[in-house]
Amino acid sequence: MEGLESSFRDHEEAFPAADAGQNSDLSAFGNRLVFTRWEPDHVKPMEADEIHGELNGYAFYLVGDEFSVSIGSQGWEIELDQAPSAKPKVRRLGGRVKSVEALDPEFFEHATQLLTIRARRMHAQVASDWPRRSTMPDKQGRAQHPLGNGLSAQWHCLHCDGAHDGRTMARNLWHCPDCGATPIDIFPEPFWNGLKKSA
C-alpha cells in the first residue's frame, strides 16, 4: 500500500488531487450547493464515485470513474472525457427537456464548474497508475509513453498526424490535443507515413 501512496505523491505535482483545492473551489458555491448522499459514504462527497445533491435548487447526480465524469439533472447530462483538454459534451436523456437551451444558464454554468472540480480526481487517478516519467518529462522534454511505447521528446498521433512535444502529451494524459485520440494511438515516430526520424 505504501508503494501505491508513494506513486500517487510523485504525480501530485503534475496532476493535483481533487481535494487539494476542493474546499476553496466548493466554497465559491456557498449555500447553492448541498450534497444529500454519496457512495461510498465513508469518504468526502467529492471523493465518492456517485454523488447526489442540489445545486441552485435543482437536484443533480454526479458520477465518475477513470474514463469520464458526468453530471446530470432534469433529463440531460454533461459528460467530460478523460483528457484534460476535453470539452464538456451535453446530451439530452429524454423526458421533459426538449433542448439544453431551455435549462437555467446559471445552473448549467455551475454544474460544469462542479464537473470540472470532480474531473481533477479522475486525472490524478489516471496519472498515479503510470510511470513518473509519463507525467513529468525530463529536462530535455522527453516523456515516457504510459503503455511502454518508448521515451521521446516528440510524439505523433495515428489518427490526425498531429505532432506534439513530450510536455504537451504528459499534460494531456497522452490524448492527442488535436483530435482526442487515446494513448494507444500515440507513437514516437509516424511509421504509418513511411517516415523515419533522423538519428
# chains A, B, ... in the order shown; residues from 1 in each chain; ligands from 1

$ residues_around --residues "Asn149 of chain A" --least-positions-apart "2" --cutoff "12 Å" --atoms "only C-alpha atoms" --output "PDB file with all heavy atoms, in the first residue's frame"
ATOM      1  N   SER A 134       6.043   9.486 -17.331  1.00  0.00           N
ATOM      2  CA  SER A 134       4.916   9.686 -18.253  1.00  0.00           C
ATOM      3  C   SER A 134       4.169  10.981 -17.970  1.00  0.00           C
ATOM      4  O   SER A 134       3.531  11.542 -18.856  1.00  0.00           O
ATOM      5  CB  SER A 134       3.933   8.513 -18.155  1.00  0.00           C
ATOM      6  OG  SER A 134       4.521   7.346 -18.640  1.00  0.00           O
ATOM      7  N   ALA A 143       9.336  12.413 -22.661  1.00  0.00           N
ATOM      8  CA  ALA A 143       8.340  11.766 -21.791  1.00  0.00           C
ATOM      9  C   ALA A 143       8.242  10.304 -22.185  1.00  0.00           C
ATOM     10  O   ALA A 143       8.412   9.945 -23.352  1.00  0.00           O
ATOM     11  CB  ALA A 143       6.986  12.447 -21.939  1.00  0.00           C
ATOM     12  N   GLN A 144       7.967   9.474 -21.195  1.00  0.00           N
ATOM     13  CA  GLN A 144       7.812   8.036 -21.415  1.00  0.00           C
ATOM     14  C   GLN A 144       6.351   7.728 -21.680  1.00  0.00           C
ATOM     15  O   GLN A 144       5.468   8.133 -20.929  1.00  0.00           O
ATOM     16  CB  GLN A 144       8.285   7.278 -20.180  1.00  0.00           C
ATOM     17  CG  GLN A 144       8.134   5.788 -20.292  1.00  0.00           C
ATOM     18  CD  GLN A 144       8.585   5.081 -19.016  1.00  0.00           C
ATOM     19  OE1 GLN A 144       9.204   5.673 -18.158  1.00  0.00           O
ATOM     20  NE2 GLN A 144       8.235   3.814 -18.916  1.00  0.00           N
ATOM     21  N   HIS A 145       6.101   7.024 -22.762  1.00  0.00           N
ATOM     22  CA  HIS A 145       4.721   6.631 -23.075  1.00  0.00           C
ATOM     23  C   HIS A 145       4.207   5.725 -21.954  1.00  0.00           C
ATOM     24  O   HIS A 145       4.898   4.799 -21.533  1.00  0.00           O
ATOM     25  CB  HIS A 145       4.670   5.895 -24.413  1.00  0.00           C
ATOM     26  CG  HIS A 145       3.302   5.767 -24.960  1.00  0.00           C
ATOM     27  ND1 HIS A 145       2.365   4.898 -24.424  1.00  0.00           N
ATOM     28  CD2 HIS A 145       2.684   6.411 -25.980  1.00  0.00           C
ATOM     29  CE1 HIS A 145       1.244   5.002 -25.114  1.00  0.00           C
ATOM     30  NE2 HIS A 145       1.414   5.909 -26.062  1.00  0.00           N
ATOM     31  N   PRO A 146       3.003   5.966 -21.439  1.00  0.00           N
ATOM     32  CA  PRO A 146       2.496   5.180 -20.306  1.00  0.00           C
ATOM     33  C   PRO A 146       2.239   3.713 -20.626  1.00  0.00           C
ATOM     34  O   PRO A 146       2.176   2.890 -19.721  1.00  0.00           O
ATOM     35  CB  PRO A 146       1.201   5.892 -19.926  1.00  0.00           C
ATOM     36  CG  PRO A 146       0.767   6.580 -21.170  1.00  0.00           C
ATOM     37  CD  PRO A 146       2.039   6.988 -21.864  1.00  0.00           C
ATOM     38  N   LEU A 147       2.122   3.368 -21.894  1.00  0.00           N
ATOM     39  CA  LEU A 147       1.858   1.986 -22.278  1.00  0.00           C
ATOM     40  C   LEU A 147       3.118   1.289 -22.787  1.00  0.00           C
ATOM     41  O   LEU A 147       3.035   0.228 -23.395  1.00  0.00           O
ATOM     42  CB  LEU A 147       0.750   1.934 -23.340  1.00  0.00           C
ATOM     43  CG  LEU A 147      -0.573   2.597 -22.948  1.00  0.00           C
ATOM     44  CD1 LEU A 147      -1.578   2.516 -24.082  1.00  0.00           C
ATOM     45  CD2 LEU A 147      -1.129   1.976 -21.685  1.00  0.00           C
ATOM     46  N   LEU A 151      10.471   6.363 -25.093  1.00  0.00           N
ATOM     47  CA  LEU A 151      10.787   7.647 -24.474  1.00  0.00           C
ATOM     48  C   LEU A 151      11.162   8.591 -25.601  1.00  0.00           C
ATOM     49  O   LEU A 151      12.019   8.266 -26.431  1.00  0.00           O
ATOM     50  CB  LEU A 151      11.964   7.475 -23.496  1.00  0.00           C
ATOM     51  CG  LEU A 151      12.478   8.724 -22.806  1.00  0.00           C
ATOM     52  CD1 LEU A 151      11.488   9.189 -21.749  1.00  0.00           C
ATOM     53  CD2 LEU A 151      13.841   8.455 -22.169  1.00  0.00           C
ATOM     54  N   SER A 152      10.513   9.747 -25.674  1.00  0.00           N
ATOM     55  CA  SER A 152      10.765  10.670 -26.773  1.00  0.00           C
ATOM     56  C   SER A 152      10.349  12.091 -26.384  1.00  0.00           C
ATOM     57  O   SER A 152       9.537  12.281 -25.483  1.00  0.00           O
ATOM     58  CB  SER A 152       9.967  10.227 -28.011  1.00  0.00           C
ATOM     59  OG  SER A 152      10.201  11.089 -29.100  1.00  0.00           O
ATOM     60  N   TRP A 155       6.002  13.298 -30.172  1.00  0.00           N
ATOM     61  CA  TRP A 155       5.034  12.216 -30.276  1.00  0.00           C
ATOM     62  C   TRP A 155       4.059  12.495 -31.412  1.00  0.00           C
ATOM     63  O   TRP A 155       3.744  13.645 -31.696  1.00  0.00           O
ATOM     64  CB  TRP A 155       4.292  12.047 -28.946  1.00  0.00           C
ATOM     65  CG  TRP A 155       5.229  11.561 -27.888  1.00  0.00           C
ATOM     66  CD1 TRP A 155       5.969  12.322 -27.029  1.00  0.00           C
ATOM     67  CD2 TRP A 155       5.585  10.211 -27.633  1.00  0.00           C
ATOM     68  NE1 TRP A 155       6.750  11.524 -26.244  1.00  0.00           N
ATOM     69  CE2 TRP A 155       6.534  10.224 -26.595  1.00  0.00           C
ATOM     70  CE3 TRP A 155       5.202   8.995 -28.165  1.00  0.00           C
ATOM     71  CZ2 TRP A 155       7.105   9.058 -26.086  1.00  0.00           C
ATOM     72  CZ3 TRP A 155       5.747   7.836 -27.657  1.00  0.00           C
ATOM     73  CH2 TRP A 155       6.692   7.877 -26.630  1.00  0.00           C
ATOM     74  N   HIS A 156       3.561  11.432 -32.040  1.00  0.00           N
ATOM     75  CA  HIS A 156       2.725  11.562 -33.232  1.00  0.00           C
ATOM     76  C   HIS A 156       1.420  10.793 -33.056  1.00  0.00           C
ATOM     77  O   HIS A 156       1.399   9.694 -32.512  1.00  0.00           O
ATOM     78  CB  HIS A 156       3.472  11.026 -34.459  1.00  0.00           C
ATOM     79  CG  HIS A 156       4.778  11.715 -34.663  1.00  0.00           C
ATOM     80  ND1 HIS A 156       4.897  12.856 -35.417  1.00  0.00           N
ATOM     81  CD2 HIS A 156       6.015  11.444 -34.166  1.00  0.00           C
ATOM     82  CE1 HIS A 156       6.158  13.251 -35.398  1.00  0.00           C
ATOM     83  NE2 HIS A 156       6.857  12.416 -34.637  1.00  0.00           N
ATOM     84  N   TRP A 174      -1.722  11.906 -22.361  1.00  0.00           N
ATOM     85  CA  TRP A 174      -1.436  11.103 -23.537  1.00  0.00           C
ATOM     86  C   TRP A 174      -2.599  10.961 -24.500  1.00  0.00           C
ATOM     87  O   TRP A 174      -2.679  10.011 -25.268  1.00  0.00           O
ATOM     88  CB  TRP A 174      -0.851   9.750 -23.124  1.00  0.00           C
ATOM     89  CG  TRP A 174       0.508   9.999 -22.551  1.00  0.00           C
ATOM     90  CD1 TRP A 174       0.804  10.276 -21.247  1.00  0.00           C
ATOM     91  CD2 TRP A 174       1.723  10.097 -23.265  1.00  0.00           C
ATOM     92  NE1 TRP A 174       2.145  10.534 -21.113  1.00  0.00           N
ATOM     93  CE2 TRP A 174       2.730  10.418 -22.336  1.00  0.00           C
ATOM     94  CE3 TRP A 174       2.075   9.939 -24.606  1.00  0.00           C
ATOM     95  CZ2 TRP A 174       4.061  10.588 -22.706  1.00  0.00           C
ATOM     96  CZ3 TRP A 174       3.391  10.081 -24.961  1.00  0.00           C
ATOM     97  CH2 TRP A 174       4.372  10.400 -24.017  1.00  0.00           C
ATOM     98  N   PRO A 183      -4.198   7.173 -25.686  1.00  0.00           N
ATOM     99  CA  PRO A 183      -2.773   6.847 -25.643  1.00  0.00           C
ATOM    100  C   PRO A 183      -2.350   5.685 -26.548  1.00  0.00           C
ATOM    101  O   PRO A 183      -1.219   5.669 -27.040  1.00  0.00           O
ATOM    102  CB  PRO A 183      -2.540   6.485 -24.168  1.00  0.00           C
ATOM    103  CG  PRO A 183      -3.578   7.251 -23.430  1.00  0.00           C
ATOM    104  CD  PRO A 183      -4.770   7.264 -24.327  1.00  0.00           C
ATOM    105  N   ILE A 184      -3.228   4.742 -26.803  1.00  0.00           N
ATOM    106  CA  ILE A 184      -2.865   3.593 -27.641  1.00  0.00           C
ATOM    107  C   ILE A 184      -2.543   4.015 -29.078  1.00  0.00           C
ATOM    108  O   ILE A 184      -1.882   3.288 -29.828  1.00  0.00           O
ATOM    109  CB  ILE A 184      -3.975   2.513 -27.599  1.00  0.00           C
ATOM    110  CG1 ILE A 184      -3.420   1.177 -28.018  1.00  0.00           C
ATOM    111  CG2 ILE A 184      -5.184   2.938 -28.408  1.00  0.00           C
ATOM    112  CD1 ILE A 184      -4.310   0.006 -27.696  1.00  0.00           C
ATOM    113  N   ASP A 185      -2.970   5.215 -29.477  1.00  0.00           N
ATOM    114  CA  ASP A 185      -2.753   5.706 -30.842  1.00  0.00           C
ATOM    115  C   ASP A 185      -1.672   6.780 -30.927  1.00  0.00           C
ATOM    116  O   ASP A 185      -1.594   7.513 -31.919  1.00  0.00           O
ATOM    117  CB  ASP A 185      -4.071   6.253 -31.401  1.00  0.00           C
ATOM    118  CG  ASP A 185      -5.120   5.165 -31.504  1.00  0.00           C
ATOM    119  OD1 ASP A 185      -4.791   4.069 -31.989  1.00  0.00           O
ATOM    120  OD2 ASP A 185      -6.268   5.407 -31.079  1.00  0.00           O
ATOM    121  N   ILE A 186      -0.816   6.885 -29.910  1.00  0.00           N
ATOM    122  CA  ILE A 186       0.258   7.876 -29.880  1.00  0.00           C
ATOM    123  C   ILE A 186       1.597   7.145 -29.968  1.00  0.00           C
ATOM    124  O   ILE A 186       1.849   6.206 -29.208  1.00  0.00           O
ATOM    125  CB  ILE A 186       0.191   8.721 -28.592  1.00  0.00           C
ATOM    126  CG1 ILE A 186      -1.202   9.365 -28.424  1.00  0.00           C
ATOM    127  CG2 ILE A 186       1.294   9.762 -28.558  1.00  0.00           C
ATOM    128  CD1 ILE A 186      -1.611  10.326 -29.531  1.00  0.00           C
ATOM    129  N   PHE A 187       2.476   7.593 -30.902  1.00  0.00           N
ATOM    130  CA  PHE A 187       3.738   6.899 -31.166  1.00  0.00           C
ATOM    131  C   PHE A 187       4.898   7.889 -31.289  1.00  0.00           C
ATOM    132  O   PHE A 187       4.690   9.046 -31.672  1.00  0.00           O
ATOM    133  CB  PHE A 187       3.624   6.096 -32.465  1.00  0.00           C
ATOM    134  CG  PHE A 187       2.586   5.012 -32.397  1.00  0.00           C
ATOM    135  CD1 PHE A 187       1.268   5.270 -32.773  1.00  0.00           C
ATOM    136  CD2 PHE A 187       2.920   3.753 -31.927  1.00  0.00           C
ATOM    137  CE1 PHE A 187       0.308   4.280 -32.696  1.00  0.00           C
ATOM    138  CE2 PHE A 187       1.959   2.749 -31.850  1.00  0.00           C
ATOM    139  CZ  PHE A 187       0.651   3.015 -32.226  1.00  0.00           C
ATOM    140  N   PRO A 188       6.128   7.414 -31.008  1.00  0.00           N
ATOM    141  CA  PRO A 188       7.287   8.301 -31.124  1.00  0.00           C
ATOM    142  C   PRO A 188       7.673   8.610 -32.566  1.00  0.00           C
ATOM    143  O   PRO A 188       8.363   9.592 -32.831  1.00  0.00           O
ATOM    144  CB  PRO A 188       8.412   7.543 -30.399  1.00  0.00           C
ATOM    145  CG  PRO A 188       8.003   6.118 -30.425  1.00  0.00           C
ATOM    146  CD  PRO A 188       6.500   6.110 -30.459  1.00  0.00           C
ATOM    147  N   GLU A 189       7.240   7.781 -33.508  1.00  0.00           N
ATOM    148  CA  GLU A 189       7.513   8.008 -34.926  1.00  0.00           C
ATOM    149  C   GLU A 189       6.237   7.799 -35.730  1.00  0.00           C
ATOM    150  O   GLU A 189       5.444   6.921 -35.418  1.00  0.00           O
ATOM    151  CB  GLU A 189       8.568   7.019 -35.439  1.00  0.00           C
ATOM    152  CG  GLU A 189       9.931   7.215 -34.827  1.00  0.00           C
ATOM    153  CD  GLU A 189      10.954   6.274 -35.445  1.00  0.00           C
ATOM    154  OE1 GLU A 189      10.762   5.846 -36.603  1.00  0.00           O
ATOM    155  OE2 GLU A 189      11.933   5.971 -34.764  1.00  0.00           O
TER     156      GLU A 189
END

$ select_by_dssp --residues "segment 41-156 of chain A" --states "helix (DSSP H, G or I)" --output "VMD selection string"
chain A and resid 45 to 47 100 to 102 105 to 128 132 to 135

$ select_by_dssp --residues "chain A" --states "strand (DSSP E)" --output "MDAnalysis selection string"
chainID A and resid 33:39 50:55 58:64 68:73 76:81 89:92 143:144 151:152 154:157 163:165 186:187

$ atom_distance --atom1 "atom CA of Asp129 of chain A" --atom2 "atom CA of Gln82 of chain A"
13.8 Å

$ residues_around --residues "segment 111-123 of chain A" --least-positions-apart "3" --cutoff "9 Å" --atoms "only C-alpha atoms" --output "ChimeraX atom specification"
/A:15-19,21-22,25-26,46-47,55,60,62-72,78-84,88,106-108,126-128,173

$ closest_residue --among "A:Val43, A:Lys87, A:Ala181, A:Met169" --to "Gly141 of chain A" --atoms "only C-alpha atoms"
A:Met169

$ atom_distance --atom1 "atom CA of Thr168 of chain A" --atom2 "atom CA of Gln154 of chain A"
9.5 Å

$ atom_distance --atom1 "atom CA of Glu77 of chain A" --atom2 "atom CA of Val90 of chain A"
5.7 Å

$ residues_around --residues "Leu33 of chain A" --least-positions-apart "5" --cutoff "9 Å" --atoms "only C-alpha atoms" --output "list in words"
Leu26, Ser27, Gly53, Glu54, Leu55, Asn56 and Gly57 of chain A

$ closest_residue --among "A:Ser73, A:Gln125, A:Thr182, A:Thr36" --to "His159 of chain A" --atoms "only C-alpha atoms"
A:Thr182

$ closest_residue --among "A:Pro45, A:Pro137, A:Pro131, A:Pro40" --to "Arg171 of chain A" --atoms "only C-alpha atoms"
A:Pro137

$ closest_residue --among "A:Arg92, A:Arg37, A:Arg133, A:His42" --to "Gly150 of chain A" --atoms "only C-alpha atoms"
A:Arg133
